[in-house]
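Down below is the structure, laid out as structure tokens.
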Number of protein chains: 2
Amino acid sequence: MALATAGETARKPDQIVGTLERMRGYRLEDLSIGQAAELIRIVAGDDLDAFAAVTGDDNPLHLDEAFAAATAFGGRIAHGMLLAGYISAVLGARLPGAGAIYISQNLRFRRPVRIGDEVTARVEVSTIDHDRGRVSLATTCRVAGKIVVEGEAQVMVQRRAAKDDPPGSSEA
Amino acid sequence: MALATAGETARKPDQIVGTLERMRGYRLEDLSIGQAAELIRIVAGDDLDAFAAVTGDDNPLHLDEAFAAATAFGGRIAHGMLLAGYISAVLGARLPGAGAIYISQNLRFRRPVRIGDEVTARVEVSTIDHDRGRVSLATTCRVAGKIVVEGEAQVMVQRRAAKDDPPGSSEA
């Protein structure tokens, strides 16, 4: 199970502000259309077991190799909602990051994901409603360049206060 | 962390067919509009930690009590996608159950869910497309009767074969 920011490099002094913003999340004024973030994860069999335990989703297609091998999938596949969780992770941990409030998410499950697959979850800002503080993002998970999950997220992002207040203190 | 089928009672002999269908999932011909299933889970702090570990969603709103207490939420709240996982669990484990293929899911996150909340995830068949083998279900999570997550799922469900074949063997 690997977790990394795509293209992450050693931190330089001029990246400290960016690092702090990442810790507390971006504010509405910091966002622009086309801004994007990614996380990469490799799906492990243990992840499917853990996801089943925490959600109750014990469908044998995800857990039982003998059952899954007898289907057209030919083996265990990841829960679609685990992949959706990767999208949620990029939104909650990277862009917009901590403090953003999840309003909605549409998901279309395009292709099965197998144990060992490297999944790149990506979010990209598509619209910004400055009046309502709402941001839409195009969201995808890809394996070897092919889309496995796609959809759109809507999040509420707080504005930068005149005197910068503690993270999340003005959330609705 | 509790897992139960709402209204589940001791099994009687005439329920054995229903139990077998639950194990391998319902076929298209077994479904009817209005048919519904529920699962009930109580959100534990450990569940948020486990969901964060398996997805990478380490937003402090879900994990850090001090951070979350300083927000308008007043404490840690569940990942929205954990609740979506409960919906996925009802679809994958109860109705339609094993063999159903997840096509899409829309989610609207209405209210925060806190540690200790009892969440009832419910799916109810809303449309059946017999030609395409597609079924739509209204999906909700409720806490104390109030909707916390709502949306719609689309799944593909296999038809009953003339000679009943092994579970999932004819999946596309």
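Labels used: A, B, ... for chains in the order of the structure tokens, numbers from 1 for residues in each chain, and numbers from 1 for ligands as shown.
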
Each chain B residue no farther than 8 Å from chain A, nearest pair in Å, only C-alpha atoms, as a tab-separated table:
```
residue	atom	partner	partner_atom	distance
B:Leu3	CA	A:Gly56	CA	7.0
B:Asp47	CA	A:Val54	CA	5.8
B:Ala50	CA	A:Val54	CA	7.0
B:Phe51	CA	A:Val54	CA	6.9
B:Val54	CA	A:Asp47	CA	5.8
B:Thr55	CA	A:Tyr86	CA	5.2
B:Gly56	CA	A:Ala89	CA	5.5
B:Asp57	CA	A:Ala89	CA	3.7
B:Asp58	CA	A:Ala93	CA	6.1
B:Asn59	CA	A:Ala93	CA	5.2
B:Pro60	CA	A:Ala98	CA	6.6
B:Leu61	CA	A:Ala98	CA	7.0
B:Phe67	CA	A:Pro167	CA	7.7
B:Ala68	CA	A:Gly168	CA	8.0
B:Ala70	CA	A:Ser169	CA	6.0
B:Thr71	CA	A:Ser169	CA	4.5
B:Ala72	CA	A:Glu171	CA	5.5
B:Phe73	CA	A:Glu171	CA	7.9
B:Gly80	CA	A:Tyr102	CA	7.4
B:Met81	CA	A:Gly85	CA	5.8
B:Leu82	CA	A:Thr55	CA	6.7
B:Leu83	CA	A:Thr55	CA	7.8
B:Ala84	CA	A:Met81	CA	7.0
B:Gly85	CA	A:Thr55	CA	5.3
B:Tyr86	CA	A:Thr55	CA	5.2
B:Ser88	CA	A:Asp57	CA	6.5
B:Ala89	CA	A:Asp57	CA	3.7
B:Val90	CA	A:Asp57	CA	7.1
B:Gly92	CA	A:Asn59	CA	5.2
B:Ala93	CA	A:Asn59	CA	5.2
B:Gly97	CA	A:Asn59	CA	7.2
B:Ala98	CA	A:Asn59	CA	5.5
B:Gly99	CA	A:Leu61	CA	7.4
B:Tyr102	CA	A:Phe109	CA	6.6
B:Ile103	CA	A:Phe109	CA	5.3
B:Ser104	CA	A:Arg108	CA	4.3
B:Gln105	CA	A:Leu107	CA	5.2
B:Asn106	CA	A:Asn106	CA	4.3
B:Leu107	CA	A:Gln105	CA	5.2
B:Arg108	CA	A:Ser104	CA	4.3
B:Phe109	CA	A:Ile103	CA	5.3
B:Arg110	CA	A:Ile103	CA	7.3
B:Pro166	CA	A:Ala70	CA	7.9
B:Pro167	CA	A:Thr71	CA	7.5
B:Gly168	CA	A:Thr71	CA	5.0
B:Ser169	CA	A:Thr71	CA	4.4
B:Ser170	CA	A:Ala72	CA	6.7
B:Glu171	CA	A:Ala72	CA	5.4
B:Ala172	CA	A:Ala72	CA	6.4
```

Tell me which protein, DNA and RNA residues are within 9 Å of Arg142 of chain B, counting only C-alpha atoms, leaving out same-chain ones fewer than 2 positions away, and put them as a list of chain:residue names.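 Once the nearby chain positions are removed, what remains is B:Glu118, B:Val119, B:Thr120, B:Ala121, B:Arg122, B:Thr140, B:Ala144, B:Gly145, B:Lys146, B:Ile147, B:Val148, B:Val149, B:Glu150.
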
Take the residues just selected and output them with all heavy atoms as an mmCIF file, in the first residue's frame.
```cif
data_model
loop_
_atom_site.group_PDB
_atom_site.id
_atom_site.type_symbol
_atom_site.label_atom_id
_atom_site.label_comp_id
_atom_site.auth_asym_id
_atom_site.auth_seq_id
_atom_site.Cartn_x
_atom_site.Cartn_y
_atom_site.Cartn_z
ATOM 1 N N GLU B 118 -25.852 6.141 15.126
ATOM 2 C CA GLU B 118 -26.333 4.918 14.495
ATOM 3 C C GLU B 118 -26.856 5.272 13.106
ATOM 4 O O GLU B 118 -27.786 6.065 12.983
ATOM 5 C CB GLU B 118 -27.452 4.287 15.331
ATOM 6 C CG GLU B 118 -27.952 2.970 14.745
ATOM 7 C CD GLU B 118 -29.131 2.402 15.527
ATOM 8 O OE1 GLU B 118 -28.894 1.730 16.540
ATOM 9 O OE2 GLU B 118 -30.291 2.632 15.114
ATOM 10 N N VAL B 119 -26.225 4.721 12.082
ATOM 11 C CA VAL B 119 -26.550 5.050 10.695
ATOM 12 C C VAL B 119 -27.355 3.910 10.077
ATOM 13 O O VAL B 119 -26.929 2.751 10.129
ATOM 14 C CB VAL B 119 -25.263 5.278 9.865
ATOM 15 C CG1 VAL B 119 -25.613 5.613 8.414
ATOM 16 C CG2 VAL B 119 -24.409 6.378 10.489
ATOM 17 N N THR B 120 -28.512 4.226 9.521
ATOM 18 C CA THR B 120 -29.294 3.248 8.770
ATOM 19 C C THR B 120 -29.113 3.530 7.284
ATOM 20 O O THR B 120 -29.526 4.583 6.789
ATOM 21 C CB THR B 120 -30.790 3.335 9.127
ATOM 22 O OG1 THR B 120 -30.947 3.089 10.528
ATOM 23 C CG2 THR B 120 -31.596 2.294 8.347
ATOM 24 N N ALA B 121 -28.442 2.619 6.595
ATOM 25 C CA ALA B 121 -28.262 2.734 5.144
ATOM 26 C C ALA B 121 -29.361 1.922 4.480
ATOM 27 O O ALA B 121 -29.590 0.762 4.841
ATOM 28 C CB ALA B 121 -26.890 2.214 4.733
ATOM 29 N N ARG B 122 -30.061 2.531 3.538
ATOM 30 C CA ARG B 122 -31.217 1.891 2.906
ATOM 31 C C ARG B 122 -31.138 2.033 1.393
ATOM 32 O O ARG B 122 -30.747 3.088 0.890
ATOM 33 C CB ARG B 122 -32.499 2.572 3.414
ATOM 34 C CG ARG B 122 -33.783 2.045 2.784
ATOM 35 C CD ARG B 122 -34.992 2.879 3.246
ATOM 36 N NE ARG B 122 -36.190 2.522 2.522
ATOM 37 C CZ ARG B 122 -37.033 1.542 2.870
ATOM 38 N NH1 ARG B 122 -36.799 0.834 3.944
ATOM 39 N NH2 ARG B 122 -38.095 1.277 2.133
ATOM 40 N N THR B 140 -30.156 5.986 0.683
ATOM 41 C CA THR B 140 -30.068 6.983 1.764
ATOM 42 C C THR B 140 -29.283 6.420 2.936
ATOM 43 O O THR B 140 -29.240 5.209 3.159
ATOM 44 C CB THR B 140 -31.465 7.367 2.312
ATOM 45 O OG1 THR B 140 -32.146 6.172 2.709
ATOM 46 C CG2 THR B 140 -32.296 8.117 1.293
ATOM 47 N N ALA B 144 -31.141 8.973 13.281
ATOM 48 C CA ALA B 144 -32.315 9.416 14.043
ATOM 49 C C ALA B 144 -33.404 9.931 13.097
ATOM 50 O O ALA B 144 -34.051 10.951 13.354
ATOM 51 C CB ALA B 144 -31.926 10.498 15.054
ATOM 52 N N GLY B 145 -33.587 9.231 11.984
ATOM 53 C CA GLY B 145 -34.667 9.556 11.047
ATOM 54 C C GLY B 145 -34.329 10.645 10.048
ATOM 55 O O GLY B 145 -35.057 10.836 9.075
ATOM 56 N N LYS B 146 -33.221 11.378 10.265
ATOM 57 C CA LYS B 146 -32.860 12.471 9.344
ATOM 58 C C LYS B 146 -31.859 11.995 8.299
ATOM 59 O O LYS B 146 -30.885 11.299 8.626
ATOM 60 C CB LYS B 146 -32.255 13.644 10.128
ATOM 61 C CG LYS B 146 -33.270 14.374 10.974
ATOM 62 C CD LYS B 146 -32.669 15.649 11.545
ATOM 63 C CE LYS B 146 -33.722 16.419 12.335
ATOM 64 N NZ LYS B 146 -33.160 17.593 13.015
ATOM 65 N N ILE B 147 -32.102 12.424 7.061
ATOM 66 C CA ILE B 147 -31.201 12.036 5.986
ATOM 67 C C ILE B 147 -29.840 12.707 6.165
ATOM 68 O O ILE B 147 -29.760 13.929 6.314
ATOM 69 C CB ILE B 147 -31.807 12.404 4.618
ATOM 70 C CG1 ILE B 147 -32.969 11.448 4.297
ATOM 71 C CG2 ILE B 147 -30.752 12.355 3.512
ATOM 72 C CD1 ILE B 147 -33.686 11.750 3.006
ATOM 73 N N VAL B 148 -28.774 11.911 6.156
ATOM 74 C CA VAL B 148 -27.418 12.462 6.205
ATOM 75 C C VAL B 148 -26.720 12.342 4.849
ATOM 76 O O VAL B 148 -25.896 13.185 4.502
ATOM 77 C CB VAL B 148 -26.574 11.811 7.333
ATOM 78 C CG1 VAL B 148 -27.153 12.194 8.698
ATOM 79 C CG2 VAL B 148 -26.504 10.294 7.193
ATOM 80 N N VAL B 149 -27.055 11.300 4.102
ATOM 81 C CA VAL B 149 -26.548 11.132 2.731
ATOM 82 C C VAL B 149 -27.702 10.614 1.878
ATOM 83 O O VAL B 149 -28.469 9.750 2.328
ATOM 84 C CB VAL B 149 -25.392 10.106 2.648
ATOM 85 C CG1 VAL B 149 -24.888 9.982 1.212
ATOM 86 C CG2 VAL B 149 -24.253 10.480 3.577
ATOM 87 N N GLU B 150 -27.839 11.145 0.665
ATOM 88 C CA GLU B 150 -28.857 10.599 -0.240
ATOM 89 C C GLU B 150 -28.311 10.584 -1.658
ATOM 90 O O GLU B 150 -27.340 11.279 -1.970
ATOM 91 C CB GLU B 150 -30.162 11.394 -0.167
ATOM 92 C CG GLU B 150 -30.044 12.820 -0.592
ATOM 93 C CD GLU B 150 -31.366 13.574 -0.489
ATOM 94 O OE1 GLU B 150 -32.407 12.937 -0.326
ATOM 95 O OE2 GLU B 150 -31.331 14.818 -0.576
#
```

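What separates atom CA of Glu65 of chain B from atom CA of Gly133 of chain A is a distance of 25.4 Å.
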
What is the atom CA of Leu137 of chain A-atom CA of Arg114 of chain B distance in Å, reported with one decimal?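 Rounded to one decimal, the two atoms are 26.0 Å apart.
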
For Val135 of chain A, find every residue with an atom within 9 Å (counting only C-alpha atoms), except residues of its own chain fewer than 3 positions away, and show them as a list in words.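 So, after excluding close chain neighbours, the residues are Leu28, Leu31, Val125, Ser126, Thr127, Ile128, Asp129, His130, Arg132, Ala153, Gln154, Val155, Met156 and Val157 of chain A.
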
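The coordinates place atom CA of Ala36 of chain B at 19.1 Å from atom CA of Arg159 of chain B.
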
Just list as an MDAnalysis selection string whatever in segment 46-117 of chain B DSSP marks as helix (DSSP H, G or I). chainID B and resid 46:55 60:63 65:69 80:93
